[in-house]
Structure formats: structure tokens, C-alpha cells
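Trainee: Provided herewith is a single structure, encoded as C-alpha cells, for subsequent inquiry.
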Amino acid sequence: MPAEPGPPGISCAGLAKRFPAAGGGLEVVAPFTREFAAGATTALVGPSGCGKSTLLRMIAGLETPSAGSVAIGDETPAEVRARAGLAVSFQDPSLLPWRTVRGNVALALTLARRRAAAGTIDRLLALVGLEGFAGTRPGALSGGMRQRAAIARCLVTEPELLLLDEPFGAVDELTRRQLAHDLPRLWEARGTTTLFVTHSVTEAVLIADRVLVLSPRPARVVADIPVTLDRPRPEGVELTVAFAELAERVSAALARGAAEGGQTGLAAQ
Amino acid sequence: MSAAEAAAAPARRALPGAPLAGVAGLLVVWEALARLPGAEVLLAGPMAVALWLGENGALMARALAVTGAEAAAGFALGNLAAVALALCAVAWPRAERLIAALALLVFCLPLVATGPILRVLYGPGPGPQVTLAALAVYYTTFVPLLVGLRAAPAAWFDVVASYGRGRWAEILHVRLFAAAPYLVAGLQIAAPAAFLGAMVGEFTGAERGMGVLTIRALRALDVEATWALATVAALVSIAVYAAIGAAGRRLLREPPPVLLAPPGAGGGARPGAALGQAALAGGVALALWWGAMEAFGLNAFFAKRPGDVWAFLVTDPGAAAHRAELFGALADTLALAVPGYLAGLAAGAALAVALTLAPGAAAVAMPVAVALRAVPIVTTAPLVVLLMGRGAAGTIALVAVMIFFPVFVAALHGLARAPGQVLDVFESYAAGPLRRLVHAQLPAMLPAFFAAARMSLPAAILAVTVVEWLATGRGVGALMAISASLSDYAMLWSAVVVVALATVAGHALVAAAEARVLARYAGEQRR
Ligand SMILES: Nc1ncnc2c1ncn2[C@@H]1O[C@H](COP(=O)(O)OP(=O)(O)O)[C@@H](O)[C@H]1O
Ligand SMILES: [Mg+2]
């Protein structure tokens with residue numbers, strides 16, 4: 001796919017979201033201003049219900065911000081979507097039940113009006129550990145397998161921007177490690193700009209170049225931690241002191257956010 | 001016996017013997033009744049019917065080919081129209097209410113009066129039969145299809161949107177497939193309705209076909225021919241119904257749901273907004289009516305315009321007399337239609353509930369009822385006249401039977417649809433079947449029951465007017481027959497308008513009752 005000017009970075013300026021609700025509305029994302037470098041992988045970590053999905057959906061342009069704006073390169077999210085330059089893996093895998101796994105992956109190509117080289121889908125399915133399930137319908141898959149099919153669907157269009165919402169939430173521990181090892185290699189090789197939501201600290205440090213820690217609702221950046229580990233991650237990196245220190249910093253930021261954010265969260269209501 | 005197998009096909013696979021047993025029982029009872037002393041002047045049993053068919057096979061085959069072709073054409077056209085309308089409603093959500101209102105209005109046109117008008121508009125040929133068949137099917141496909149097109153979870157549309165695609169991609173890749181089971185349910189119901197429409201079209205003055213044979217047999221008091229015709233109509237309808245169901249099950253993994261939820265029925269619209277909508281729909285309908293007459297340059301003698309009807313009923317010197325005649329006839333018709341309709345509703349719901357309390361019975365009754373629902377009941381109108389004479393009882397009974405089957409099937413489906421987890425909760429408290437019924441199953445049944453009640457209103461009018469047309473010589477049906485033979489087209493058109501409006505009003509009444517009842521007993525069930 002033609003990525004002539006290189007993958008775009010993302011810039012969020014004062015991005016905020018308030019859902020209409022009784023008593024002035026529910027503030028879900030506090031004004032959020034951040035840049036995401038082109039080709040980097042960023043993890044968004046925060047407690048459940050803090051507004052991570054909403055933030056990701058705003059960046060994809062699927063949710064209208066109450067204030068602020070998003071620029072992807074020098075385009076709006078809608079423009080990037082219109083040329084199928086981004087792909088989202090939703091928290092709920094949302095596979096179409098009447099399509100097989102292969103059909104669901106192929107749907108992304110159809111929607112993006114693209115073709116893939118022969119064997120691309122099979123290679124991706126093998127990558128996410130679904131070889132042998134190409135002809136299976138989602139109804140016959142486990143939750144984790146469905147999520148992996150949704151990831152394959154995201155990757156098949158080779159997007160410049162990848163937005164993954166808790167992509168491994170239902171994936172079993174062993175497979176999750178495998179994926180955390182394999183997938184970053186793929187999207188780094190492609191130079192994809194990746195944002196992924198998780199509430200696993202280890203996963204964030206293992207996969208991302210940078211971890212943004214968010215407070216409880218309304219989401220606010222508590223810490224912005226660069227991950228200074230070798231890339232690709234060497235075998236056994238989880239056991240190193242450097243890794244443990246980073247994980248510790250993220251955990252501490254989470255706890256700090258919970259302590260402060262709880263108050264702002266109450267105040268906001 | 002392939003007909004019995006066909007009848008058995010719509011049954012769930014769990015109990016392969018049950019439907020066969022039901023059909024066999026039906027045949028035995030029928031034969032036994034026919035053999036009662038004195039029954040031979042009214043009733044021909046399965047044996048006699050088979051013998052008659054053996055002797056008149058060629059005649060019946062020719063008539064069936066004619067009627068079947070008309071029904072098939074009407075089925076195709078009506079369902080295409082339904083699909084097109086439903087797609088328009090989904091593609092332009094702002095137009096949805098208007099489209100639904102116009103679709104309902106056309107559905108409420110009394111087929112018996114529309115037939116003769118179509119006859120003069122089309123001239124000789126199968127046009128009126130095909131049109132009536134199409135009119136008889138499109139609404140029962142339109143409604144479930146619209147529900148199905150809107151039934152997909154929002155997350156699926158996010159996937160489409162994330163690749164920058166819009167409404168048409170949603171329809172093409174998501175909605176059409178999500179709606180497929182609903183379409184199958186609609187097409188199944190449409191098959192017998194198309195047959196019914198074609199036969200009613202033939203009643204109103206065709207040269208060939210099973211409707212013509214039916215009228216001839218009735219005039220000649222030929223009991224065996226009448227029963228044979230009704231049997232063939234029923235078997236063909238059941239076979240097509242079953243074939244569509246089987247094809248649907250092959251194509252789709254899940255069995256099609258039969259619940260026919262309304263398009264935005266009682267969707268919390270304020271009375272003012274609803275009135276505005278109705279006025280808009282009425283205005284558009286008048287404009288379309290007038291526009292169609294003008295566009296085709298139709299002769300004003302038989303192609304009346306809205307102004308002609310207004311003059312006939314309101315401003316003419318004889319308007320009062322016209323009104324008295326028309327409304328008098330309407331009162332006669334409603335006096336039969338309303339009790340029959342209510343009796344059919346009550347019987348359908350009551351039997352469904354009773355069967356649910358007697359576990360096992362529903363498993364036997366369901367396939368038989370599903371099969372019998374496919375019988376184009378109106379084609380048996382001559383039988384009812386034979387059986388019960390020309391008095392009120394016969395007509396009311398026919399209406400009740402006509403309403404009974406769709407309501408019964410919908411209610412059974414609704415009762416069976418009580419959410420599994422809710423029933424598990426009742427189970428865990430060892431609640432008896434009666435408590436379970438009242439607190440879990442009845443609320444689940446109500447939406448299906450009301451949907452069926454709304455959809456079967458025009459059927460009640462159709463049943464009464466057909467009997468009036470063919471036999472009793474009273475009411476709107478007879479008035480329309482007389483007007484048609486006297487070429488009194490102003491009266492004919494006025495009858496169409498008034499009956500359609502009365503039916504729409506009835507529909508609104510049922511919808512209002514539905515909204516109140518559902519708000520009280522099934523709050524979470526409303527969509
Ligand atoms: N469409 C919506 N309308 C109202 N409230 C919403 C909507 N979507 C999400 N919320 C609320 O916003 C908050 C954050 O949701 P979400 O972004 O999904 O959190 P997270 O992904 O971090 O778990 C939750 O309290 C949720 O209830
Ligand atoms: Mg989330």
C-alpha cells in the first residue's frame with residue numbers, strides 16, 4: 001500500500017469528551033493534548049471505565065469530541081478512514097457471524113477496496129495462531145480466538161495507523177505472550193503508528209515504546225513513560241531489572257492516578 | 001405421501017414423529033367427520049377428495065398452473081417491492097415513518113374491492129390476480145425485513161465506519177445479511193398469502209384458474225370439488241411454505257425468528273407528532289393516487305380521483321344517501337369482523353397459553369399449527385358457507401379461524417422465547433409453571449401477540465368481505481360486488497377508501513392498546 005510520505009504521527013489538541021447525562025453530563029475524557037510519533041507504539045494504560053476506549057474512538061473519528069481536535073499527519077481522522085489508512089480492533093471483536101474467519105478478514109479488504117497478495121490471509125491467520133480455523137465461523141470460536149481473528153482483520157489492510165482496544169483481553173496467557181512477541185515485529189517492520197489500550201502493565205512495557213498512564217474517569221494523563229528497552233525485545237526481557245523498574249514506575253503511576261483521579265472524578269460529577 | 005412430508009417439514013427436528021402424528025390425526029378426524037350420517041352434503045373426506053382429484057386431475061392441474069403462475073408472479077413482485085421499500089426506509093431513515101405509513105395504508109386496501117377496480121384498469125388477463133397477490137404479500141415481508149435490517153449491533157457498523165465506508169456499505173455488508181432470517185420468515189408467510197391473493201383476484205372475474213373453479217363448484221353445490229380445490233390450495237401453500245423454510249435453514253445457520261415486531265410501533269412519538277405524520281402520509285397518499293391516475297391518463301369514468309370520492313361522499317346532492325348506504329354496509333361488515341377478530345385473538349392466545357402449561361402438547365401442536373397457518377383460509381370460505389350456512393355464525397367462525405392461526409403461532413413462539421436466564425432464575429426458586437407463565441412467559445409473549453394482532457386486521461376484513469361477496473349478499477363485500485356489476489365506480493372507490501381508513505384506524509387502536517399493555521407488563525421488551 002502506498003505509504004510514500006511515511007506513516008503519519010498523531011496530534012491531539014485539547015481532545016475532550018462529555019457524554020450527555022443528567023446533571024451536566026458525564027465527563028469521560030479531560031482535555032487531552034499529546035503527540036504520538038510516527039511509527040512508534042504507545043500503550044494507554046488505565047483502570048476500567050476511565051475513558052480509554054472513548055479516547056481511542058475519538059482518535060479514529062468514530063466518536064465526535066466535545067472539544068479539541070485530532071490530526072493524523074496533516075489529515076483529519078475522517079480523511080484517513082476514507083482512504084482506509086487506519087484500522088481499529090474493537091474491544092468487542094465484532095466479527096460478522098455469517099462470515100468465516102477468512103471471510104471476516106477478507107471483509108476488511110473489501111471495505112478498504114483493496115486486494116491482498118495470495119496467501120496473505122493465511123499467513124496472518126498463522127501469525128495470530130488461527131491456522132486451521134480459516135473456514136470456521138465466529139460462533140464456534142473461543143473469545144480469545146475471536147479477538148485474534150479481529151487482529152488479523154486489522155493487519156490485513158496494512159494500515160499506517162493501528163488502534164487496538166484491549167486486543168488481548170480474552171486471550172489466554174500463553175498465546176498472549178506469543179502475540180506480544182510476534183505482532184510488534186510485524187507492525188514495526190511496516191513502520192505502523194500503533195496505539196493500544198491495555199490494563200496489563202507487563203503487556204504495556206513489553207510491547208510499547210512509550211506508556212501513557214491514565215487516571216480514573218475522566219481520563220487524564222498521570223504519567224508519560226518512555227520505554228527504553230531494546231527493540232525487538234530480547235528473549236527473557238521480562239526478567240531483567242530494567243523491565244521490572246519500568247513496570248514498577250507504571251504501576252506506581254496507576255496507583256497515584258487512582259488516589260488523585262478518584263477525587264477529580266467525584267468532583268467532576 | 002409427499003404432501004404429508006411437506007406439511008411435516010417446518011417442524012423442529014427434535015421431534016420427528018410429532019408432526020407426522022399430527023397430520024395423521026387430522027386426516028383421521030376429517031375422514032371420520034365426513035363419514036358421519038348426513039355429512040355428505042357438506043363435507044367430502046380425504047378419500048373422496050383423492051378420488052375427485054384422480055378423476056379431474058388434468059382440469060385441476062391446468063387451473064393450478066394458471067393460479068400458481070399468477071401467485072408466483074405476485075409473490076416475486078410483492079416481495080421485490082417489500083425489499084425495495086425496506087431498503088429505502090433504512091437508507092433514508094428520515095423517510096422511514098412515511099414509508100411505513102404508506103405501506104400500511106396500501107396493505108389495508110380491501111382486496112375484494114380493489115379486484116374489480118383493477119379488473120377495469122387492466123382489462124382482461126392475469127393483471128388483477130398478480131397485483132392482488134403482490135398486495136397480499138408485500139407488507140408481511142416488509143415489516144419483518146425492516147426489523148431485521150435494523151437489528152444489527154452498533155459494533156458491526158463501527159467496523160464499516162473504521163474503513164471510511166458509509167450507509168450503503170453498511171447495508172451491503174451487514175444489514176442485508178443480518179436481515180436474512182427475517183426475510184425468510186417473511187417470505188414463508190408470503191407464499192400462502194400470494195396464493196390467496198391470486199384466488200381472490202380470480203373470484204372477481206377471471207376466466208381461468210382455481211378461483212374460477214371454486215366459484216363454479218360453489219354455485220353447483222359440488223361438495224367434492226369445493227373440498228378438493230381447498231385441499232389443493234392448502235397443500236400447495238404448505239409445500240411452498242415448508243420449502244422456503246427448508247431452504248432458509250440450509251442457507252442460514254439459525255432458524256428464522258417468527259416474531260414480527262412493528263417498525264417503530266409506539267416508538268414513544270408524541271400524539272402531535274403522530275398526527276403530523278399521519279397527515280403527511282395521507283397527503284402523500286392522495287398525491288400519489290391522483291398522480292398515478294393522471295400519469296397513466298386513466299379514464300375518469302372508472303379511474304376515480306380523490307376529488308370524485310370526496311364529491312360522492314360529501315358534496316354531491318346524493319351524498320347523504322351514498323354515505324348511508326356505504327356506512328350501513330360497513331356496519332354490517334364490522335358487526336361480523338370485530339367479533340370474529342376478537343374471538344380469533346382470544347382463542348389463539350388462550351390455546352397457546354394452555355399448551356404451554358401442558359408441556360409436550362406444544363411440541364405436537366406447533367408443527368400442525370405452523371402448517372395450517374400456511375393454508376390460505378379464504379380459499380375455504382366457500383366451505384364455511386357450505387358448512388355453516390349464510391348466517392352470521394359461519395362468517396364469524398371463518399374470521400376467527402383466519403385470525404386464530406397467525407396469532408396462535410406467534411403467541412407460541414413468544415411464549416417459547418422467554419429468555420433462558422430468566423427461566424433459570426424461576427427454576428432456581430422452584431416456581432411453579434403458573435408463576436413462571438405469569439411473570440416470565442406472558443410478558444415475553446405479548447409483543448409477538450400484538451404484532452400478529454395488528455398484521456391480521458386486514459385479513460379479518462378480507463374474510464368477511466369474501467363471504468359477503470360470494471354468499472351472504474350483505475355488507476361491504478356485497479355492496480362492492482353490486483357496485484362492480486353496476487359499474488358504479490364512484491361507490492367502489494369510496495368503499496375502498498372508507499374500508500382502508502377503517503382498517504388503518506383499527507390498526508391504530510390495536511397499536512395504542514399494545515403500547516399501554518407493553519408499557520405495563522413488558523417494559524423491557526419494547527424496542
Ligand atoms: N455512548 C456513551 N454514552 C454514555 N456514556 C458512555 C458512552 N460510552 C462510554 N460511556 C461511559 O464512559 C466511561 C468510559 O467508557 P470507556 O471509554 O469505554 O472506558 P474504558 O475503555 O476505559 O473502560 C464509562 O463510564 C462509560 O459508561
Ligand atoms: Mg474500553
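A note on labels: chains of the C-alpha cells are A, B, ... as shown, every chain counts residues from 1, and ligands are counted from 1 in their shown order.
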Please provide the set of residues having any atom within 7 Å of stretch 167-180 of chain B, restricted to only C-alpha atoms, with same-chain residues fewer than 4 positions apart removed, written as a PyMOL selection string.

Mentor: chain B and resi 91+145+148-150+152+157+160+184

Trainee: Would you put the residues from that selection into a file with N, CA and C atoms, as a short mmCIF file (atom, residue, chain, number, x, y, z; two decimals), in the first residue's frame?

Mentor:
data_model
loop_
_atom_site.label_atom_id
_atom_site.label_comp_id
_atom_site.auth_asym_id
_atom_site.auth_seq_id
_atom_site.Cartn_x
_atom_site.Cartn_y
_atom_site.Cartn_z
N ALA B 91 -32.12 3.22 4.13
CA ALA B 91 -31.15 4.12 3.52
C ALA B 91 -31.46 5.59 3.83
N LEU B 145 -38.68 -7.60 7.53
CA LEU B 145 -37.41 -7.24 6.89
C LEU B 145 -36.87 -5.94 7.45
N GLY B 148 -35.38 -6.62 10.71
CA GLY B 148 -34.11 -7.31 10.55
C GLY B 148 -33.00 -6.38 10.08
N LEU B 149 -33.35 -5.48 9.17
CA LEU B 149 -32.34 -4.56 8.64
C LEU B 149 -31.81 -3.64 9.73
N ARG B 150 -32.63 -3.41 10.76
CA ARG B 150 -32.18 -2.51 11.81
C ARG B 150 -31.65 -3.24 13.02
N ALA B 152 -29.07 -5.11 13.70
CA ALA B 152 -27.66 -5.44 13.91
C ALA B 152 -27.06 -4.59 15.03
N PHE B 157 -21.33 -1.80 12.79
CA PHE B 157 -21.27 -0.61 11.94
C PHE B 157 -19.99 0.17 12.20
N VAL B 160 -17.44 -1.07 9.81
CA VAL B 160 -17.63 -0.48 8.48
C VAL B 160 -17.12 0.96 8.48
N VAL B 184 -36.50 -14.55 5.38
CA VAL B 184 -37.02 -15.90 5.18
C VAL B 184 -38.37 -16.05 5.87
#

Trainee: Could you list, with a cut-off of 10 Å and counting only C-alpha atoms and all ligand atoms, the residues of chain A near ligand 1, each shown with its nearest atom pair and the distance in Å rounded to one decimal, rows sorted by chain and ascending number, as CSV?

Mentor:
residue,atom,partner,partner_atom_place_in_ligand_line,distance
A:Lys17,CA,ligand 1,12 (O),8.9
A:Arg18,CA,ligand 1,5 (N),8.2
A:Phe19,CA,ligand 1,4 (C),5.0
A:Pro20,CA,ligand 1,4 (C),6.7
A:Ala21,CA,ligand 1,4 (C),7.2
A:Gly25,CA,ligand 1,4 (C),8.8
A:Leu26,CA,ligand 1,5 (N),6.9
A:Glu27,CA,ligand 1,12 (O),7.7
A:Val28,CA,ligand 1,12 (O),5.2
A:Val29,CA,ligand 1,14 (C),7.9
A:Leu44,CA,ligand 1,22 (O),9.3
A:Val45,CA,ligand 1,22 (O),8.6
A:Gly46,CA,ligand 1,22 (O),6.6
A:Pro47,CA,ligand 1,22 (O),6.4
A:Ser48,CA,ligand 1,23 (O),4.0
A:Gly49,CA,ligand 1,23 (O),3.3
A:Cys50,CA,ligand 1,22 (O),4.0
A:Gly51,CA,ligand 1,17 (O),3.2
A:Lys52,CA,ligand 1,22 (O),3.6
A:Ser53,CA,ligand 1,21 (O),3.6
A:Thr54,CA,ligand 1,17 (O),3.7
A:Leu55,CA,ligand 1,17 (O),6.5
A:Leu56,CA,ligand 1,17 (O),8.0
A:Arg57,CA,ligand 1,17 (O),8.3
A:Met58,CA,ligand 1,17 (O),9.8
A:Glu63,CA,ligand 1,1 (N),8.6
A:Gln91,CA,ligand 1,21 (O),8.0
A:Asp165,CA,ligand 1,21 (O),7.7
A:Glu166,CA,ligand 1,21 (O),8.4
A:Val197,CA,ligand 1,21 (O),8.0
A:Thr198,CA,ligand 1,21 (O),9.0
A:His199,CA,ligand 1,22 (O),9.0
A:Leu214,CA,ligand 1,22 (O),8.9
A:Ser215,CA,ligand 1,22 (O),9.6
A:Pro216,CA,ligand 1,22 (O),8.2
A:Arg217,CA,ligand 1,14 (C),6.8
A:Pro218,CA,ligand 1,14 (C),7.8
A:Ala219,CA,ligand 1,22 (O),7.9

Trainee: Identify all chain B residues at most 7 Å from chain A by counting only C-alpha atoms; ligands do not count. Present them as a ChimeraX atom specification.

Mentor: /B:155-156,160,162-165

Trainee: Do you have the atom CA of B:Leu251-atom CA of A:Leu124 distance handy?

Mentor: 28.5 Å

Trainee: Name all residues at most 12 Å from B:Val497 (count only C-alpha atoms; drop same-chain ones fewer than 5 positions away) and give them as a PyMOL selection string.

Mentor: chain B and resi 105-106+108-111+113-114+282+285-286+289+304-306+308-310+312-313+326-327+330+476+490-492+502-504

Trainee: Could you dump the residues just selected with N, CA and C atoms as a PDB file, in the first residue's frame?

Mentor:
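Listed below is the output, again.pdb:
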ATOM      1  N   LEU B 105     -51.054   1.695   4.746  1.00  0.00           N
ATOM      2  CA  LEU B 105     -52.290   2.132   4.089  1.00  0.00           C
ATOM      3  C   LEU B 105     -52.614   1.222   2.905  1.00  0.00           C
ATOM      4  N   VAL B 106     -51.601   0.945   2.096  1.00  0.00           N
ATOM      5  CA  VAL B 106     -51.841   0.093   0.923  1.00  0.00           C
ATOM      6  C   VAL B 106     -52.210  -1.317   1.370  1.00  0.00           C
ATOM      7  N   CYS B 108     -53.882  -2.059   3.866  1.00  0.00           N
ATOM      8  CA  CYS B 108     -55.248  -2.047   4.380  1.00  0.00           C
ATOM      9  C   CYS B 108     -56.291  -1.906   3.273  1.00  0.00           C
ATOM     10  N   LEU B 109     -55.874  -1.755   2.031  1.00  0.00           N
ATOM     11  CA  LEU B 109     -56.863  -1.698   0.939  1.00  0.00           C
ATOM     12  C   LEU B 109     -57.635  -3.008   0.909  1.00  0.00           C
ATOM     13  N   PRO B 110     -58.948  -2.950   0.848  1.00  0.00           N
ATOM     14  CA  PRO B 110     -59.721  -4.195   0.800  1.00  0.00           C
ATOM     15  C   PRO B 110     -59.561  -4.876  -0.560  1.00  0.00           C
ATOM     16  N   LEU B 111     -58.970  -6.061  -0.531  1.00  0.00           N
ATOM     17  CA  LEU B 111     -58.657  -6.748  -1.784  1.00  0.00           C
ATOM     18  C   LEU B 111     -59.905  -6.975  -2.629  1.00  0.00           C
ATOM     19  N   ALA B 113     -62.554  -5.211  -3.020  1.00  0.00           N
ATOM     20  CA  ALA B 113     -62.985  -4.050  -3.807  1.00  0.00           C
ATOM     21  C   ALA B 113     -61.907  -3.619  -4.780  1.00  0.00           C
ATOM     22  N   THR B 114     -60.638  -3.855  -4.388  1.00  0.00           N
ATOM     23  CA  THR B 114     -59.550  -3.478  -5.280  1.00  0.00           C
ATOM     24  C   THR B 114     -59.589  -4.334  -6.541  1.00  0.00           C
ATOM     25  N   GLY B 282     -51.135  10.849   4.719  1.00  0.00           N
ATOM     26  CA  GLY B 282     -52.392  10.979   3.991  1.00  0.00           C
ATOM     27  C   GLY B 282     -52.237  11.873   2.771  1.00  0.00           C
ATOM     28  N   ALA B 285     -50.294  10.099   0.149  1.00  0.00           N
ATOM     29  CA  ALA B 285     -51.105   9.052  -0.472  1.00  0.00           C
ATOM     30  C   ALA B 285     -52.062   9.654  -1.495  1.00  0.00           C
ATOM     31  N   LEU B 286     -52.716  10.764  -1.119  1.00  0.00           N
ATOM     32  CA  LEU B 286     -53.641  11.413  -2.061  1.00  0.00           C
ATOM     33  C   LEU B 286     -52.893  11.867  -3.311  1.00  0.00           C
ATOM     34  N   TRP B 289     -52.018   8.886  -5.461  1.00  0.00           N
ATOM     35  CA  TRP B 289     -53.243   8.373  -6.089  1.00  0.00           C
ATOM     36  C   TRP B 289     -53.592   9.246  -7.293  1.00  0.00           C
ATOM     37  N   LYS B 304     -61.387   6.751 -10.644  1.00  0.00           N
ATOM     38  CA  LYS B 304     -61.793   7.925  -9.865  1.00  0.00           C
ATOM     39  C   LYS B 304     -60.594   8.568  -9.170  1.00  0.00           C
ATOM     40  N   ARG B 305     -60.666   9.889  -9.044  1.00  0.00           N
ATOM     41  CA  ARG B 305     -59.636  10.655  -8.345  1.00  0.00           C
ATOM     42  C   ARG B 305     -60.120  10.972  -6.934  1.00  0.00           C
ATOM     43  N   PRO B 306     -59.212  11.449  -6.080  1.00  0.00           N
ATOM     44  CA  PRO B 306     -59.642  11.788  -4.708  1.00  0.00           C
ATOM     45  C   PRO B 306     -60.839  12.729  -4.713  1.00  0.00           C
ATOM     46  N   ASP B 308     -63.271  12.974  -6.815  1.00  0.00           N
ATOM     47  CA  ASP B 308     -64.518  12.272  -7.145  1.00  0.00           C
ATOM     48  C   ASP B 308     -65.103  11.603  -5.910  1.00  0.00           C
ATOM     49  N   VAL B 309     -64.210  10.969  -5.134  1.00  0.00           N
ATOM     50  CA  VAL B 309     -64.684  10.281  -3.926  1.00  0.00           C
ATOM     51  C   VAL B 309     -65.229  11.294  -2.926  1.00  0.00           C
ATOM     52  N   TRP B 310     -64.524  12.409  -2.808  1.00  0.00           N
ATOM     53  CA  TRP B 310     -64.963  13.466  -1.892  1.00  0.00           C
ATOM     54  C   TRP B 310     -66.354  13.952  -2.312  1.00  0.00           C
ATOM     55  N   PHE B 312     -68.565  12.370  -4.109  1.00  0.00           N
ATOM     56  CA  PHE B 312     -69.552  11.285  -3.960  1.00  0.00           C
ATOM     57  C   PHE B 312     -70.037  11.169  -2.522  1.00  0.00           C
ATOM     58  N   LEU B 313     -69.091  11.367  -1.581  1.00  0.00           N
ATOM     59  CA  LEU B 313     -69.452  11.143  -0.177  1.00  0.00           C
ATOM     60  C   LEU B 313     -69.835  12.419   0.560  1.00  0.00           C
ATOM     61  N   LEU B 326     -73.172   3.262   2.222  1.00  0.00           N
ATOM     62  CA  LEU B 326     -71.822   2.741   2.441  1.00  0.00           C
ATOM     63  C   LEU B 326     -71.572   2.444   3.920  1.00  0.00           C
ATOM     64  N   PHE B 327     -71.933   3.394   4.779  1.00  0.00           N
ATOM     65  CA  PHE B 327     -71.642   3.179   6.198  1.00  0.00           C
ATOM     66  C   PHE B 327     -72.553   2.110   6.802  1.00  0.00           C
ATOM     67  N   LEU B 330     -70.864  -0.985   5.872  1.00  0.00           N
ATOM     68  CA  LEU B 330     -69.659  -1.139   6.679  1.00  0.00           C
ATOM     69  C   LEU B 330     -70.015  -1.622   8.080  1.00  0.00           C
ATOM     70  N   VAL B 476     -70.275  -4.735   3.166  1.00  0.00           N
ATOM     71  CA  VAL B 476     -69.458  -4.050   2.164  1.00  0.00           C
ATOM     72  C   VAL B 476     -69.092  -4.980   1.017  1.00  0.00           C
ATOM     73  N   ALA B 490     -67.788   5.129  -8.606  1.00  0.00           N
ATOM     74  CA  ALA B 490     -67.640   6.083  -7.509  1.00  0.00           C
ATOM     75  C   ALA B 490     -67.855   5.372  -6.175  1.00  0.00           C
ATOM     76  N   MET B 491     -68.901   4.514  -6.113  1.00  0.00           N
ATOM     77  CA  MET B 491     -69.164   3.761  -4.888  1.00  0.00           C
ATOM     78  C   MET B 491     -68.024   2.799  -4.592  1.00  0.00           C
ATOM     79  N   LEU B 492     -67.526   2.138  -5.627  1.00  0.00           N
ATOM     80  CA  LEU B 492     -66.461   1.162  -5.446  1.00  0.00           C
ATOM     81  C   LEU B 492     -65.202   1.829  -4.859  1.00  0.00           C
ATOM     82  N   ALA B 502     -60.869   2.669   7.732  1.00  0.00           N
ATOM     83  CA  ALA B 502     -61.365   1.975   8.925  1.00  0.00           C
ATOM     84  C   ALA B 502     -60.333   0.966   9.405  1.00  0.00           C
ATOM     85  N   THR B 503     -59.703   0.265   8.465  1.00  0.00           N
ATOM     86  CA  THR B 503     -58.702  -0.726   8.856  1.00  0.00           C
ATOM     87  C   THR B 503     -57.487  -0.049   9.491  1.00  0.00           C
ATOM     88  N   VAL B 504     -57.069   1.068   8.899  1.00  0.00           N
ATOM     89  CA  VAL B 504     -55.940   1.800   9.482  1.00  0.00           C
ATOM     90  C   VAL B 504     -56.298   2.265  10.896  1.00  0.00           C
TER      91      VAL B 504
END
